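Peer 1: Can you read through this structure? Questions will come right after.
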Amino acid sequence: MAERRRRSLRARITAAATLVVAAALVVGALAFYGILSVSIRDATVRAAETRAEQLAARVDAEGPGAVSDLDDDIAQVLDAGGRVVASSEEAEGGDLPDVGGAPVITYDDEPVIVVREDLDDGGTLLLAVSVEDDQSTLATVALLLAVAVVAVVGLVAAITWWVVGRALRPVARIRAEVDDITADRLDRRVAVPASGDEIAALAGTMNRMLDRLDASATAQRRFVSDASHELRSPLATIRQHAELAQLHPEATSVDDLAEVVHDEGLRMQELVDALLLLTRLDERAALRRESVDLDDLALAEVKRLRAGGAVVDGSGIHAARVRGDARLLGQLVRNLADNAARHARSAVAIGVAERDGHVMLTVDDDGGGVPPEDRERIFERFVRLDEARARDAGGSGLGLAIVRAIAEAEGGGVRVGDSPLGGARFEVVLPVAS
């Protein structure tokens, strides 16, 4: 199918180029023929008029009988009344018509043009000149032009077919190479020709696309693996306690088993909800767009953390409004607040301010901070910098990934740096509501 499409494209390009060249050649040939025809006719008319002037001078000098001695000219002398008074030997086939404009007429089965010249006695000299040779010359030119146009069009079609085929050959090679790349062979790449032309650019574009697909597939496999591991952990805990209860019912109370099932089920629900949210953000599902007071969301988190016993500084929160999904923005602020509270030694600070047409949300803690080499990696999914930390303390590893996904979906971004409190500072930049 692809080969047929390639041949069809080759045929279409060849047909289009041939049609354009053929039209140009036909127009050029017709224009050349028309100009040549007019030029030959004008030359014949001028020659006939010159000859008529010469004969008129002779008739004025010698009388009408001077045309009777002519052997090769078709000439007649008319008196003032229009009667033929003398004719040459070639003009005995009948009276010559006195026509204006020297049109081509047939006289004695021969195409001629007739010119007139006034005589001194009031009479008229009519001279007919044959244009048979002119017509024969034009016919030969027309035949040669037709043969030349056909030959040139055929040559152009053949050359275009060859050139287009040669130009499309690298495209066919790239197509064949890409067609052989399957989901389990995304590490393969297309050979980039050294021509440096559009074909090389196409090959480079295909390789960059394959790079993105390979990276996406790798991330997806890692994501599925990590998600499976995270989901297996609470399931294994529930199964272990259930099996223990079956084997030793006297050592396991119903309340203990119910508590384990409840806690692990809650962890699974939170993990599934986080995965669904990330999937929605990855697919760029339609988000609600409304005016949101980001300072209200930040103050709500300050109040919540304080209710849990944390020391939180909210003095840096100022009025600022953004446009986005209030529920997602609330999730973003909560994830950052929980992350700061989890890693803080004693204090957390949350700030909101409008700067240069953007709204900046900052969340600081006085914990151990984030090493520079890990400041990008912590936004990846299921990443925990302290793998030895208990899962209950370290979370699922999706909180910061959700923060980045929400920030980018809302047209902003997030980064991490050093905090004035000594720990980590997370900065979220969002466009201000217009």
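Ordered as shown in the structure tokens, chains take letters A, B, and onward, while each chain numbers its residues from 1 and ligands are numbered from 1 in the order shown.
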Using only C-alpha atoms, determine which residues lie at most 9 Å from A:His241, disregarding the query and same-chain residues fewer than 2 positions distant; provide the list as a compact mmCIF listing (two decimals) with C-alpha atoms, in the first residue's frame.
Peer 2:
```txt
# COMPACT_ATOMS: atom_id res chain seq x y z
CA ALA A 236 0.47 -8.18 50.72
CA THR A 237 -0.01 -6.63 54.16
CA ILE A 238 -3.72 -7.36 54.11
CA ARG A 239 -3.10 -10.93 52.90
CA GLU A 243 -3.56 -15.57 56.69
CA LEU A 244 -2.28 -15.00 60.22
CA ALA A 245 -5.85 -14.62 61.44
CA GLN A 246 -6.81 -17.88 59.71
CA THR A 252 -5.52 -11.90 66.14
CA LEU A 257 -7.52 -7.03 61.44
CA VAL A 260 -5.06 -3.11 59.16
CA VAL A 261 -7.54 -3.59 56.32
```
Peer 1: Residues within 10 Å of A:Leu294, please, as a list in words. Count only C-alpha atoms; anything in the same chain fewer than 6 positions from it doesn't count.
Peer 2: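 Final neighbour list, sorted by chain and number: Ala300, Ile317, His318, Ala319, Ala320, Arg321, Val322, Arg323, Ala326, Leu329, Gly330, Val333, Val352, Ala353, Val359, Met360, Leu361 and Leu430 of chain A.
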Peer 1: Restricting it to N, CA and C atoms, dump the selection as a JSON list (two decimals), in the first residue's frame.
Peer 2:
```
[["chain", "number", "residue", "atom", "x", "y", "z"],
["A", 300, "ALA", "N", -5.87, 28.41, 54.16],
["A", 300, "ALA", "CA", -6.56, 27.21, 54.62],
["A", 300, "ALA", "C", -5.55, 26.13, 55.02],
["A", 317, "ILE", "N", 1.76, 35.61, 53.17],
["A", 317, "ILE", "CA", 0.63, 35.38, 52.26],
["A", 317, "ILE", "C", -0.06, 36.71, 51.98],
["A", 318, "HIS", "N", -0.08, 37.11, 50.73],
["A", 318, "HIS", "CA", -0.74, 38.35, 50.30],
["A", 318, "HIS", "C", -1.81, 38.02, 49.26],
["A", 319, "ALA", "N", -2.71, 38.93, 49.09],
["A", 319, "ALA", "CA", -3.82, 38.71, 48.15],
["A", 319, "ALA", "C", -3.28, 38.50, 46.74],
["A", 320, "ALA", "N", -3.72, 37.43, 46.10],
["A", 320, "ALA", "CA", -3.30, 37.13, 44.73],
["A", 320, "ALA", "C", -4.34, 36.21, 44.11],
["A", 321, "ARG", "N", -4.67, 36.49, 42.87],
["A", 321, "ARG", "CA", -5.71, 35.73, 42.19],
["A", 321, "ARG", "C", -5.16, 35.13, 40.90],
["A", 322, "VAL", "N", -5.47, 33.86, 40.69],
["A", 322, "VAL", "CA", -5.07, 33.18, 39.47],
["A", 322, "VAL", "C", -6.33, 32.62, 38.81],
["A", 323, "ARG", "N", -6.16, 32.17, 37.57],
["A", 323, "ARG", "CA", -7.29, 31.57, 36.86],
["A", 323, "ARG", "C", -6.97, 30.10, 36.61],
["A", 326, "ALA", "N", -9.90, 25.29, 40.78],
["A", 326, "ALA", "CA", -9.73, 25.51, 42.22],
["A", 326, "ALA", "C", -9.40, 24.20, 42.95],
["A", 329, "LEU", "N", -5.73, 23.29, 42.15],
["A", 329, "LEU", "CA", -4.81, 24.21, 42.82],
["A", 329, "LEU", "C", -4.78, 23.96, 44.33],
["A", 330, "GLY", "N", -5.93, 23.61, 44.90],
["A", 330, "GLY", "CA", -5.95, 23.25, 46.31],
["A", 330, "GLY", "C", -5.13, 22.00, 46.58],
["A", 333, "VAL", "N", -1.39, 23.02, 46.59],
["A", 333, "VAL", "CA", -0.95, 23.67, 47.84],
["A", 333, "VAL", "C", -0.88, 22.66, 48.97],
["A", 352, "VAL", "N", 2.53, 33.83, 49.53],
["A", 352, "VAL", "CA", 1.89, 34.07, 48.24],
["A", 352, "VAL", "C", 2.08, 35.54, 47.90],
["A", 353, "ALA", "N", 2.57, 35.82, 46.69],
["A", 353, "ALA", "CA", 2.78, 37.22, 46.28],
["A", 353, "ALA", "C", 2.67, 37.31, 44.77],
["A", 359, "VAL", "N", 1.93, 35.05, 39.75],
["A", 359, "VAL", "CA", 1.71, 34.80, 41.17],
["A", 359, "VAL", "C", 2.68, 33.72, 41.61],
["A", 360, "MET", "N", 3.41, 33.99, 42.70],
["A", 360, "MET", "CA", 4.39, 33.03, 43.19],
["A", 360, "MET", "C", 3.94, 32.50, 44.55],
["A", 361, "LEU", "N", 3.88, 31.18, 44.62],
["A", 361, "LEU", "CA", 3.60, 30.48, 45.87],
["A", 361, "LEU", "C", 4.90, 29.86, 46.37],
["A", 430, "LEU", "N", 2.61, 30.84, 38.73],
["A", 430, "LEU", "CA", 1.38, 30.70, 37.97],
["A", 430, "LEU", "C", 1.02, 32.05, 37.33]]
```
Peer 1: Taking the backbone alone, and naming residues the way the document does, which bits of stretch 207-328 of chain A are strand (DSSP E) by DSSP, as a short mmCIF file (atom, residue, chain, number, x, y, z; two decimals) with N, CA and C atoms, in the first residue's frame?
Peer 2:
```cif
data_model
loop_
_atom_site.label_atom_id
_atom_site.label_comp_id
_atom_site.auth_asym_id
_atom_site.auth_seq_id
_atom_site.Cartn_x
_atom_site.Cartn_y
_atom_site.Cartn_z
N GLU A 290 -11.64 29.12 36.31
CA GLU A 290 -12.37 30.09 37.09
C GLU A 290 -11.37 30.93 37.89
N SER A 291 -11.83 32.05 38.38
CA SER A 291 -10.97 32.91 39.17
C SER A 291 -10.80 32.30 40.56
N VAL A 292 -9.55 32.11 40.98
CA VAL A 292 -9.25 31.44 42.25
C VAL A 292 -8.36 32.34 43.09
N ASP A 293 -8.75 32.56 44.35
CA ASP A 293 -7.91 33.31 45.29
C ASP A 293 -6.89 32.34 45.88
N VAL A 312 3.65 27.10 61.81
CA VAL A 312 3.56 27.57 60.43
C VAL A 312 3.51 29.08 60.41
N ASP A 313 4.37 29.69 59.57
CA ASP A 313 4.39 31.14 59.40
C ASP A 313 3.62 31.48 58.12
N GLY A 314 2.50 32.19 58.29
CA GLY A 314 1.70 32.59 57.13
C GLY A 314 1.75 34.07 56.86
N SER A 315 2.72 34.78 57.45
CA SER A 315 2.78 36.24 57.29
C SER A 315 3.14 36.65 55.86
N GLY A 316 3.70 35.74 55.08
CA GLY A 316 4.07 36.09 53.70
C GLY A 316 2.96 35.90 52.71
N ILE A 317 1.76 35.61 53.17
CA ILE A 317 0.63 35.38 52.26
C ILE A 317 -0.06 36.71 51.98
N ARG A 321 -4.67 36.49 42.87
CA ARG A 321 -5.71 35.73 42.19
C ARG A 321 -5.16 35.13 40.90
N VAL A 322 -5.47 33.86 40.69
CA VAL A 322 -5.07 33.18 39.47
C VAL A 322 -6.33 32.62 38.81
N ARG A 323 -6.16 32.17 37.57
CA ARG A 323 -7.29 31.57 36.86
C ARG A 323 -6.97 30.10 36.61
N GLY A 324 -7.81 29.22 37.14
CA GLY A 324 -7.55 27.80 36.96
C GLY A 324 -8.62 26.97 37.64
#
```
Peer 1: I'd like the contact shell of stretch 202-219 of chain A - 10 Å cut-off, only C-alpha atoms, skipping same-chain residues fewer than 3 positions apart - returned as a list in words.
Peer 2: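 Residues near the query, excluding close chain neighbours: Pro170, Val171, Ile174, Arg175, Val178, Ile181, Ala183, Asp184, Arg185, Leu186, Asp187, Arg188, Arg189, Val190, Ala191, Val192, Pro193, Asp197, Glu198, Ile199, Arg222, Phe223, Val224, Ser225, Glu380 and Arg381 of chain A.
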Peer 1: Excluding A:Val67 and any residue of its chain fewer than 3 positions from it, enumerate the residues within 10 Å of it, using only C-alpha atoms, and give them as a VMD selection string.
Peer 2: chain A and resid 55 to 56 58 to 59 62 to 64 70 to 71 73 to 77 86 to 89 91 125
Peer 1: Can you work out the spacing between atom CA of A:Ala405 and atom CA of A:Leu305 in Å, to one decimal?
Peer 2: 23.6 Å
